[in-house]
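Peer 1: What follows is the file model.cif, containing mmCIF, C-alpha atoms:
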data_run
#
loop_
_atom_site.label_atom_id
_atom_site.label_comp_id
_atom_site.auth_asym_id
_atom_site.auth_seq_id
_atom_site.Cartn_x
_atom_site.Cartn_y
_atom_site.Cartn_z
CA GLY A 15 74.32 65.84 -15.41
CA ARG A 16 73.70 62.81 -17.62
CA VAL A 17 77.18 61.58 -16.76
CA LEU A 18 78.68 61.59 -13.27
CA VAL A 19 82.48 61.74 -13.50
CA ILE A 20 84.28 60.82 -10.28
CA GLY A 21 87.87 62.09 -10.31
CA PHE A 22 88.88 65.15 -12.32
CA GLY A 23 92.58 64.51 -12.84
CA ARG A 24 94.43 63.86 -16.11
CA PHE A 25 91.99 61.12 -17.10
CA GLY A 26 88.65 62.60 -15.97
CA GLN A 27 89.44 65.94 -17.58
CA ILE A 28 89.94 64.43 -21.03
CA VAL A 29 86.83 62.25 -20.64
CA SER A 30 84.86 65.39 -19.71
CA GLN A 31 86.26 67.32 -22.69
CA CYS A 32 84.83 64.64 -24.99
CA LEU A 33 81.41 64.76 -23.30
CA LEU A 34 81.25 68.56 -23.23
CA ALA A 35 82.18 68.74 -26.91
CA GLU A 36 78.89 66.94 -27.59
CA GLY A 37 76.98 69.16 -25.15
CA VAL A 38 76.41 66.35 -22.66
CA GLY A 39 75.66 67.48 -19.10
CA VAL A 40 78.47 66.44 -16.77
CA THR A 41 78.65 66.43 -12.98
CA ILE A 42 82.06 65.91 -11.43
CA ILE A 43 83.02 64.84 -7.92
CA ASP A 44 86.51 65.43 -6.59
CA ASN A 45 87.96 66.02 -3.14
CA ASP A 46 91.07 67.80 -4.37
CA VAL A 47 90.76 71.59 -4.20
CA GLU A 48 93.06 72.05 -7.18
CA MET A 49 90.93 69.74 -9.34
CA ILE A 50 87.75 71.54 -8.31
CA GLN A 51 89.31 74.88 -9.20
CA SER A 52 90.23 73.49 -12.62
CA ALA A 53 86.68 72.31 -13.08
CA GLY A 54 85.45 75.86 -12.51
CA ARG A 55 86.63 76.72 -16.02
CA PHE A 56 84.50 73.98 -17.55
CA GLY A 57 80.73 74.10 -17.92
CA VAL A 58 80.17 71.27 -15.45
CA HIS A 59 78.28 70.72 -12.23
CA ILE A 60 80.74 70.37 -9.40
CA TYR A 61 80.47 68.44 -6.16
CA TYR A 62 83.38 68.82 -3.76
CA GLY A 63 83.63 65.70 -1.65
CA ASP A 64 84.73 62.10 -1.27
CA GLY A 65 83.37 60.09 -4.20
CA THR A 66 83.81 56.81 -2.33
CA ARG A 67 80.92 57.74 0.04
CA LEU A 68 77.33 56.78 -0.76
CA ASP A 69 75.87 60.05 0.58
CA VAL A 70 78.21 62.07 -1.63
CA LEU A 71 77.38 59.97 -4.69
CA ARG A 72 73.65 60.39 -4.00
CA ALA A 73 73.95 64.16 -3.38
CA ALA A 74 75.80 64.54 -6.68
CA GLY A 75 72.99 62.77 -8.53
CA ALA A 76 74.33 59.24 -8.99
CA ASP A 77 70.79 57.82 -8.93
CA GLN A 78 69.80 59.86 -11.97
CA ALA A 79 73.03 59.60 -14.01
CA GLU A 80 72.91 57.55 -17.20
CA VAL A 81 76.57 56.67 -16.81
CA ILE A 82 78.76 56.73 -13.70
CA ALA A 83 82.33 57.24 -14.94
CA VAL A 84 84.88 56.22 -12.30
CA CYS A 85 88.06 58.08 -13.30
CA VAL A 86 89.95 58.10 -10.00
CA ASP A 87 93.71 57.54 -9.94
CA ASP A 88 93.58 54.84 -7.27
CA ARG A 89 92.60 51.26 -7.77
CA GLU A 90 91.25 50.71 -4.25
CA ALA A 91 89.07 53.84 -4.43
CA ALA A 92 87.72 52.76 -7.82
CA ASP A 93 86.85 49.30 -6.47
CA ARG A 94 85.13 50.83 -3.45
CA ILE A 95 82.99 53.06 -5.66
CA VAL A 96 82.05 50.11 -7.88
CA ASP A 97 81.01 48.06 -4.85
CA ILE A 98 78.94 50.90 -3.37
CA VAL A 99 77.21 51.66 -6.66
CA GLN A 100 76.45 48.01 -7.41
CA ALA A 101 75.04 47.49 -3.91
CA ASN A 102 72.86 50.60 -3.91
CA MET A 103 72.09 51.46 -7.54
CA PRO A 104 71.89 48.06 -9.23
CA ASN A 105 70.79 49.57 -12.55
CA ALA A 106 73.61 52.10 -12.83
CA ARG A 107 75.89 51.82 -15.86
CA LEU A 108 79.49 51.80 -14.62
CA HIS A 109 82.45 52.85 -16.80
CA VAL A 110 85.71 52.40 -14.93
CA ARG A 111 89.34 53.44 -15.37
CA ALA A 112 91.48 50.38 -14.68
CA PHE A 113 95.08 50.44 -13.48
CA ASP A 114 96.39 47.35 -15.23
CA ARG A 115 95.43 43.96 -16.58
CA VAL A 116 94.75 42.40 -13.19
CA HIS A 117 92.50 45.30 -12.23
CA ALA A 118 90.67 45.11 -15.57
CA MET A 119 90.04 41.39 -14.98
CA ALA A 120 88.66 42.08 -11.51
CA LEU A 121 86.34 44.75 -12.92
CA LEU A 122 85.10 42.44 -15.67
CA ARG A 123 84.35 39.78 -13.07
CA LYS A 124 82.22 42.39 -11.32
CA SER A 125 80.40 42.86 -14.64
CA VAL A 126 80.98 46.59 -15.03
CA ALA A 127 79.67 47.83 -18.39
CA TYR A 128 83.07 49.09 -19.52
CA GLU A 129 86.66 49.24 -18.27
CA MET A 130 89.72 50.78 -19.88
CA ARG A 131 93.29 50.27 -18.69
CA GLU A 132 94.68 53.75 -18.12
CA THR A 133 97.90 53.44 -20.16
CA LEU A 134 96.77 50.87 -22.77
CA GLU A 135 95.70 53.09 -25.66
CA SER A 136 98.56 55.55 -25.25
CA ALA A 137 100.97 52.61 -25.43
CA PHE A 138 99.27 51.37 -28.62
CA ALA A 139 99.58 54.84 -30.15
CA PHE A 140 103.23 54.98 -29.08
CA GLY A 141 103.97 51.54 -30.56
CA GLY A 142 102.23 52.47 -33.79
CA ARG A 143 104.09 55.73 -34.15
CA THR A 144 107.39 53.94 -33.50
CA LEU A 145 106.65 51.49 -36.31
CA GLU A 146 105.92 54.44 -38.60
CA ALA A 147 109.27 55.96 -37.66
CA LEU A 148 110.89 52.69 -38.82
CA GLY A 149 109.27 53.11 -42.24
CA VAL A 150 106.17 50.94 -41.91
CA ASP A 151 103.29 52.66 -43.74
CA GLN A 152 100.34 54.05 -41.79
CA GLU A 153 97.79 51.60 -43.12
CA THR A 154 99.87 48.56 -42.21
CA VAL A 155 100.51 50.02 -38.76
CA ALA A 156 96.80 50.66 -38.16
CA ALA A 157 95.92 47.08 -39.13
CA LEU A 158 98.73 45.68 -37.01
CA VAL A 159 97.80 47.67 -33.90
CA ALA A 160 94.15 46.71 -34.37
CA ASP A 161 95.23 43.07 -34.50
CA VAL A 162 97.35 43.28 -31.33
CA ARG A 163 94.46 45.09 -29.59
CA ALA A 164 92.02 42.36 -30.62
CA ARG A 165 94.36 39.56 -29.47
CA ASP A 166 94.94 41.30 -26.17
CA ARG A 167 91.18 41.66 -25.65
CA GLN A 168 90.54 38.07 -26.62
CA ARG A 169 93.12 36.84 -24.15
CA LEU A 170 91.70 39.06 -21.40
CA GLU A 171 88.17 37.78 -21.90
CA LEU A 172 89.37 34.20 -22.03
CA GLN A 173 91.25 34.64 -18.74
CA VAL A 174 88.18 36.15 -17.12
CA GLN A 175 85.80 33.48 -18.48
CA GLU A 176 87.98 30.58 -17.51
CA GLY A 177 88.54 32.12 -14.13
CA LEU A 178 92.14 31.05 -14.54
CA TYR A 179 93.31 33.73 -12.21
CA ALA A 180 90.23 34.07 -10.03
CA GLY A 181 91.18 35.78 -6.83
CA ILE A 182 94.81 36.17 -7.76
CA GLU A 183 94.70 39.94 -7.37
CA LEU A 184 93.66 39.53 -3.76
CA ALA A 185 97.00 37.91 -3.08
CA GLY A 186 98.75 40.95 -4.55
CA GLN A 187 100.23 38.78 -7.27
CA LYS A 188 100.67 39.76 -10.88
CA VAL A 189 99.42 38.13 -14.02
CA GLU A 190 102.40 37.21 -16.19
CA PRO A 191 102.44 39.16 -19.44
CA GLU A 192 102.48 36.92 -22.47
CA PRO A 193 103.62 37.66 -25.99
CA LEU A 194 100.55 38.11 -28.21
CA THR A 195 102.45 37.08 -31.30
CA ASP A 196 104.68 34.04 -31.40
CA PRO A 197 108.28 35.16 -30.87
CA ASN A 198 110.31 33.58 -33.67
CA LYS A 199 113.40 33.56 -31.49
CA PRO A 200 114.09 33.10 -27.80
CA ALA A 201 114.81 36.00 -25.46
CA LYS A 202 118.51 36.82 -25.36
CA PRO A 203 120.15 38.14 -22.19
CA LEU A 204 122.75 40.82 -23.01
CA ASN A 205 124.58 40.82 -19.69
CA PRO A 206 125.34 38.17 -17.04
CA GLU A 207 122.89 39.82 -14.65
CA ALA A 208 120.04 39.42 -17.14
CA GLN A 209 121.12 35.80 -17.69
CA ASP A 210 120.96 35.16 -13.94
CA VAL A 211 117.49 36.60 -13.66
CA LEU A 212 116.23 34.58 -16.61
CA ALA A 213 117.80 31.37 -15.29
CA HIS A 214 115.89 31.85 -12.06
CA GLU A 215 112.71 32.41 -13.98
CA THR A 216 113.10 29.04 -15.67
CA GLU A 217 113.66 27.38 -12.31
CA PHE A 218 110.64 28.95 -10.68
CA SER A 219 108.17 28.49 -13.49
CA GLY A 220 109.19 24.89 -14.36
CA GLY B 269 117.55 45.51 -31.66
CA ARG B 270 116.40 48.26 -34.00
CA VAL B 271 114.44 49.72 -31.09
CA LEU B 272 115.77 50.12 -27.57
CA VAL B 273 112.88 50.11 -25.08
CA ILE B 274 113.77 51.41 -21.62
CA GLY B 275 111.21 50.31 -19.04
CA PHE B 276 109.21 47.09 -19.45
CA GLY B 277 106.15 47.81 -17.33
CA ARG B 278 102.53 48.22 -18.46
CA PHE B 279 103.51 50.73 -21.13
CA GLY B 280 106.75 49.25 -22.48
CA GLN B 281 105.20 45.79 -22.75
CA ILE B 282 102.39 46.97 -25.02
CA VAL B 283 104.82 49.03 -27.11
CA SER B 284 107.01 45.94 -27.48
CA GLN B 285 104.01 43.78 -28.46
CA CYS B 286 103.35 46.14 -31.37
CA LEU B 287 106.99 46.06 -32.51
CA LEU B 288 107.31 42.28 -32.17
CA ALA B 289 104.10 41.78 -34.14
CA GLU B 290 105.93 43.35 -37.10
CA GLY B 291 109.08 41.31 -36.44
CA VAL B 292 111.11 44.33 -35.36
CA GLY B 293 114.16 43.55 -33.22
CA VAL B 294 113.70 44.93 -29.72
CA THR B 295 116.19 45.34 -26.87
CA ILE B 296 114.79 46.15 -23.46
CA ILE B 297 116.48 47.60 -20.39
CA ASP B 298 114.90 47.31 -16.96
CA ASN B 299 116.28 47.10 -13.44
CA ASP B 300 113.26 45.35 -11.97
CA VAL B 301 113.74 41.59 -11.68
CA GLU B 302 110.05 40.92 -12.18
CA MET B 303 109.97 42.92 -15.41
CA ILE B 304 113.08 41.11 -16.70
CA GLN B 305 111.45 37.76 -15.94
CA SER B 306 108.37 38.85 -17.88
CA ALA B 307 110.56 39.82 -20.79
CA GLY B 308 111.97 36.29 -20.86
CA ARG B 309 108.74 35.14 -22.48
CA PHE B 310 109.10 37.63 -25.32
CA GLY B 311 111.57 37.31 -28.19
CA VAL B 312 113.57 40.34 -27.10
CA HIS B 313 117.14 41.12 -26.16
CA ILE B 314 117.32 41.87 -22.47
CA TYR B 315 119.66 44.09 -20.53
CA TYR B 316 119.25 44.07 -16.77
CA GLY B 317 120.39 47.42 -15.40
CA ASP B 318 119.73 51.08 -14.73
CA GLY B 319 118.61 52.72 -17.98
CA THR B 320 119.45 56.18 -16.66
CA ARG B 321 123.20 55.39 -16.88
CA LEU B 322 125.18 56.12 -20.03
CA ASP B 323 127.31 52.95 -19.74
CA VAL B 324 124.17 50.81 -19.50
CA LEU B 325 122.57 52.54 -22.49
CA ARG B 326 125.77 52.04 -24.52
CA ALA B 327 126.12 48.38 -23.48
CA ALA B 328 122.53 47.74 -24.54
CA GLY B 329 123.20 49.20 -27.98
CA ALA B 330 121.76 52.71 -27.75
CA ASP B 331 124.31 53.98 -30.29
CA GLN B 332 122.98 51.60 -32.95
CA ALA B 333 119.24 51.79 -32.19
CA GLU B 334 117.04 53.50 -34.78
CA VAL B 335 114.63 54.57 -32.06
CA ILE B 336 115.21 54.91 -28.32
CA ALA B 337 111.81 54.43 -26.68
CA VAL B 338 111.75 55.81 -23.14
CA CYS B 339 108.85 53.99 -21.46
CA VAL B 340 109.75 54.38 -17.79
CA ASP B 341 107.06 55.09 -15.21
CA ASP B 342 108.90 58.03 -13.65
CA ARG B 343 109.12 61.50 -15.04
CA GLU B 344 112.49 62.35 -13.53
CA ALA B 345 114.08 59.15 -14.83
CA ALA B 346 112.66 59.82 -18.31
CA ASP B 347 114.08 63.35 -18.30
CA ARG B 348 117.47 62.06 -17.16
CA ILE B 349 117.57 59.54 -20.02
CA VAL B 350 116.58 62.21 -22.54
CA ASP B 351 119.36 64.52 -21.31
CA ILE B 352 121.98 61.77 -21.39
CA VAL B 353 120.98 60.60 -24.86
CA GLN B 354 120.86 64.12 -26.29
CA ALA B 355 124.29 64.94 -24.82
CA ASN B 356 125.97 61.75 -26.00
CA MET B 357 124.05 60.51 -29.05
CA PRO B 358 122.89 63.69 -30.74
CA ASN B 359 121.45 61.83 -33.73
CA ALA B 360 119.33 59.39 -31.73
CA ARG B 361 115.59 59.45 -32.35
CA LEU B 362 113.84 59.73 -28.97
CA HIS B 363 110.24 58.60 -28.39
CA VAL B 364 109.18 59.37 -24.83
CA ARG B 365 106.30 58.44 -22.52
CA ALA B 366 105.11 61.64 -20.85
CA PHE B 367 103.35 61.83 -17.50
CA ASP B 368 101.08 64.78 -18.15
CA ARG B 369 100.68 67.98 -20.13
CA VAL B 370 103.46 69.85 -18.33
CA HIS B 371 105.86 66.96 -18.91
CA ALA B 372 104.85 66.75 -22.58
CA MET B 373 105.56 70.47 -22.99
CA ALA B 374 108.99 70.09 -21.38
CA LEU B 375 109.80 67.21 -23.73
CA LEU B 376 108.68 69.17 -26.79
CA ARG B 377 110.92 72.04 -25.71
CA LYS B 378 113.77 69.52 -25.67
CA SER B 379 112.80 68.66 -29.26
CA VAL B 380 112.27 64.94 -28.76
CA ALA B 381 110.95 63.32 -31.95
CA TYR B 382 107.76 62.08 -30.26
CA GLU B 383 106.04 62.21 -26.89
CA MET B 384 102.80 60.62 -25.75
CA ARG B 385 101.02 61.40 -22.48
CA GLU B 386 100.57 58.07 -20.75
CA THR B 387 96.82 58.30 -20.03
CA LEU B 388 95.72 60.55 -22.91
CA GLU B 389 94.59 58.00 -25.50
CA SER B 390 92.90 55.71 -22.98
CA ALA B 391 90.92 58.72 -21.75
CA PHE B 392 89.89 59.55 -25.34
CA ALA B 393 88.75 55.97 -25.86
CA PHE B 394 86.86 56.08 -22.54
CA GLY B 395 85.17 59.38 -23.45
CA GLY B 396 84.21 58.07 -26.87
CA ARG B 397 82.77 54.86 -25.50
CA THR B 398 80.77 56.83 -22.93
CA LEU B 399 79.25 58.96 -25.70
CA GLU B 400 78.32 55.77 -27.54
CA ALA B 401 76.61 54.49 -24.39
CA LEU B 402 74.51 57.69 -24.43
CA GLY B 403 73.34 56.85 -27.93
CA VAL B 404 75.71 58.92 -30.08
CA ASP B 405 76.58 56.92 -33.20
CA GLN B 406 80.12 55.61 -33.72
CA GLU B 407 80.93 57.80 -36.69
CA THR B 408 79.94 61.00 -34.89
CA VAL B 409 81.93 59.90 -31.85
CA ALA B 410 85.03 59.18 -33.93
CA ALA B 411 84.85 62.62 -35.58
CA LEU B 412 84.24 64.33 -32.26
CA VAL B 413 87.15 62.63 -30.49
CA ALA B 414 89.42 63.39 -33.45
CA ASP B 415 88.39 67.03 -33.18
CA VAL B 416 89.06 67.22 -29.42
CA ARG B 417 92.42 65.49 -29.98
CA ALA B 418 93.36 68.02 -32.69
CA ARG B 419 92.35 71.01 -30.54
CA ASP B 420 94.28 69.63 -27.60
CA ARG B 421 97.37 69.16 -29.80
CA GLN B 422 97.01 72.63 -31.29
CA ARG B 423 96.81 74.19 -27.86
CA LEU B 424 99.83 72.20 -26.65
CA GLU B 425 101.96 73.29 -29.59
CA LEU B 426 100.86 76.89 -29.21
CA GLN B 427 101.79 76.84 -25.53
CA VAL B 428 105.20 75.39 -26.35
CA GLN B 429 105.83 77.81 -29.23
CA GLU B 430 104.80 80.88 -27.34
CA GLY B 431 106.84 79.71 -24.38
CA LEU B 432 103.91 80.87 -22.27
CA TYR B 433 104.82 78.48 -19.55
CA ALA B 434 108.55 78.26 -20.08
CA GLY B 435 110.18 76.92 -16.98
CA ILE B 436 106.92 76.54 -15.09
CA GLU B 437 107.45 72.85 -14.52
CA LEU B 438 110.71 73.56 -12.75
CA ALA B 439 108.72 75.37 -10.09
CA GLY B 440 106.56 72.28 -9.64
CA GLN B 441 103.52 74.21 -10.73
CA LYS B 442 100.72 72.92 -12.89
CA VAL B 443 99.32 74.20 -16.15
CA GLU B 444 95.64 75.00 -15.71
CA PRO B 445 93.44 72.77 -17.81
CA GLU B 446 91.21 74.69 -20.18
CA PRO B 447 87.98 73.65 -21.83
CA LEU B 448 88.68 72.84 -25.51
CA THR B 449 85.15 73.65 -26.51
CA ASP B 450 83.34 76.76 -25.33
CA PRO B 451 81.14 75.85 -22.34
CA ASN B 452 77.67 77.24 -23.12
CA LYS B 453 76.95 77.61 -19.41
CA PRO B 454 79.01 78.45 -16.34
CA ALA B 455 80.20 75.83 -13.89
CA LYS B 456 77.63 75.15 -11.17
CA PRO B 457 78.71 74.21 -7.64
CA LEU B 458 76.41 71.57 -6.16
CA ASN B 459 77.36 71.97 -2.51
CA PRO B 460 78.54 74.90 -0.36
CA GLU B 461 82.03 73.41 -0.16
CA ALA B 462 82.34 73.46 -3.97
CA GLN B 463 81.04 77.04 -3.97
CA ASP B 464 83.73 78.05 -1.46
CA VAL B 465 86.50 76.49 -3.51
CA LEU B 466 85.28 78.14 -6.71
CA ALA B 467 84.96 81.54 -4.98
CA HIS B 468 88.58 81.26 -3.93
CA GLU B 469 89.59 80.42 -7.46
CA THR B 470 87.99 83.62 -8.72
CA GLU B 471 89.87 85.57 -6.07
CA PHE B 472 93.24 84.06 -6.86
CA SER B 473 93.05 84.18 -10.61
CA GLY B 474 91.54 87.68 -10.85
#
How does this structure look as structure tokens?

Peer 2:
Amino acid sequence: GRVLVIGFGRFGQIVSQCLLAEGVGVTIIDNDVEMIQSAGRFGVHIYYGDGTRLDVLRAAGADQAEVIAVCVDDREAADRIVDIVQANMPNARLHVRAFDRVHAMALLRKSVAYEMRETLESAFAFGGRTLEALGVDQETVAALVADVRARDRQRLELQVQEGLYAGIELAGQKVEPEPLTDPNKPAKPLNPEAQDVLAHETEFSG
Amino acid sequence: GRVLVIGFGRFGQIVSQCLLAEGVGVTIIDNDVEMIQSAGRFGVHIYYGDGTRLDVLRAAGADQAEVIAVCVDDREAADRIVDIVQANMPNARLHVRAFDRVHAMALLRKSVAYEMRETLESAFAFGGRTLEALGVDQETVAALVADVRARDRQRLELQVQEGLYAGIELAGQKVEPEPLTDPNKPAKPLNPEAQDVLAHETEFSG
């Protein structure tokens, strides 16, 4: 297939649906029997095996694929595949499912061609639909979500470029989320327990 | 807040960013200290506690919220919140993060106002970007992804309406994924192990 999809769970199945709708040849690798059985209903080439092994990747045609789409539901496995591919197929184009912001930053530092945080776009759609439910018109919502998406991307690229958090993910730490628009009022704890937690935060981050 | 967001992880944070960008008042509930500390940087009302408890929901203002956005990273917890809200606040508008297709179907059967599968839209974006990398132009990709999304939605609503799988999620079973476009060729196993698994599938589903 022109695209090698590693991992045929919730994510890899939808990615494959998009590719198949355009008639693109797809090869999938998965080591879960249930996923392989699902794949039998799709017009794809199927390799049953461990996609984090070089011999399996090669046997499934990784050297010939135009895009290697890493869609596994496991950050460590995804990183392992990226490392193996970059070491052995330096010209491969890697598209990778990222777990969260920290993982996305690590992938960008490895210069993968494309990464997508696995819950990001669903959360944008959810936020947009919630604004519509509050009476904001569709056009305004679309512009607003596009703006938040662009700010988020800008911040991500800045963090990667500046290397502000270089290596932080190795320590198992988290990148602090930041508001992308200036909050016009401070956070307000609604119970004493929330107040306690916030007071500690001020102490620690001071 | 006009919107009560339960769960301030990867998903709830992005949802809140969208709402805050429009100046909408947001109250969040989370029982994870780290998440509460993150929320301290946003202009939100914060309730530290277990969002699956009626007293906590009430104390955080669930009765007054225009939308209750269930953004927890746990299917069972989400279902529990939906049940509690529907039993005690029958007029509440529920927007719910769904884990997968089976969960989405269960939520639609409970008549929540909105559900969004947590990885669906990121997978669509990933599939679209992969088609672009293969040389398909942006406009074609956008139309194609919109078409796959519409077919997927249609199939989901049909399955819910026909009650084809009513109760299946209770048994812990999975709904078989189906190709949304007709595969013009059969699936092709690339190694004997894949062939074995597919042969079994034919046996079992015959």

Peer 1: Need the shell around Gly329 of chain B: protein/DNA/RNA residues with any atom at most 9 Å away, counting all atoms listed in the file. Skip same-chain ones fewer than 4 positions apart. Format as a ChimeraX atom specification?

Peer 2: /B:269,272,295,324-325,333

Peer 1: Report the distance between atom CA of Asp368 of chain B and atom CA of Arg16 of chain A in Å, rounded to one decimal place.

Peer 2: 27.5 Å

Peer 1: Can you turn the PyMOL selection byres ((chain A and resi 193-204) around 8) into a concrete residue list for this file, as a PyMOL selection string?

Peer 2: (chain A and resi 162+165-166+191-192+205-206+208-209+212) or (chain B and resi 285+288-289+307-316+328)

Peer 1: Counting all atoms listed in the file, which residue out of A:Glu207, A:Asp44, A:Asp69, A:Asp87 sits closest to chain B?

Peer 2: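 Closest residue, counting all atoms listed in the file: A:Glu207.
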
Peer 1: Quick check on the file I pasted: which residues fall under the PyMOL selection byres ((chain B and resi 409-414) around 12)? Write them as a PyMOL selection string.

Peer 2: (chain A and resi 28-37) or (chain B and resi 388-408+415-421+448-449)

Peer 1: Rounded to one decimal place, report the atom CA of Ile336 of chain B-atom CA of His363 of chain B distance in Å.

Peer 2: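 Atom CA of Ile336 of chain B sits 6.2 Å away from atom CA of His363 of chain B.
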
Peer 1: Can you work out which one of A:Leu170, A:Val84, A:Ala73, A:Val38 has the shortest atom-to-atom distance to Ala120 of chain A, counting only C-alpha atoms?

Peer 2: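 Smallest separation from Ala120 of chain A among the options: A:Leu170.
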
Peer 1: Point out the residue among B:Gln305, B:Gln422, B:Gly275, B:Gly280 with the least atom-to-atom distance to Ile349 of chain B, counting all atoms listed in the file.

Peer 2: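 Answer, going by the shortest atom-to-atom distance: B:Gly275.
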
Peer 1: For chain A, which residue among B:Val428, B:Leu375, B:Val465, B:Val380 is the nearest when counting only C-alpha atoms?

Peer 2: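 Of B:Val428, B:Leu375, B:Val465, B:Val380, the one nearest chain A is B:Val465, counting only C-alpha atoms.
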
Peer 1: Might you pull out every residue within 10 Å of Arg72 of chain A, with only C-alpha atoms counted and same-chain residues fewer than 5 positions away left off, and present them as number ranges by chain?

Peer 2: A: 65, 67, 77-78, 99, 102-103

Peer 1: Determine the axis-aligned bounding box of all atoms of segment 388-407 of chain B present in the file, pad each side by 8 Å, and express its centre and edge lengths in Å to one decimal place as JSON.

Peer 2:
{"center_x": 84.5, "center_y": 57.5, "center_z": -29.2, "size_x": 38.4, "size_y": 22.1, "size_z": 30.9}

Peer 1: Set the distance at 9 Å and use all atoms listed in the file: which residues neighbour Arg365 of chain B once local chain neighbours fewer than 6 positions away are removed? I'd like the list as a PyMOL selection string.

Peer 2: (chain A and resi 136-137+140) or (chain B and resi 279+337-341+343+346+372+382-386)

Peer 1: Could you please determine the separation between atom CA of His371 of chain B and atom CA of Val294 of chain B in Å, to one decimal place?

Peer 2: 25.8 Å

Peer 1: With distances taken over only C-alpha atoms, which of B:Ala330, B:Val370, B:Ala360, B:Val335 is nearest to chain A?

Peer 2: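 Selected residue with least distance to chain A: B:Val335.
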
Peer 1: Have a look at A:Ala213, A:Leu122, A:Asp97, A:Ala127 and name the one nearest to Gln175 of chain A; count only C-alpha atoms.

Peer 2: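 Counting only C-alpha atoms, the residue closest to Gln175 of chain A is A:Leu122.
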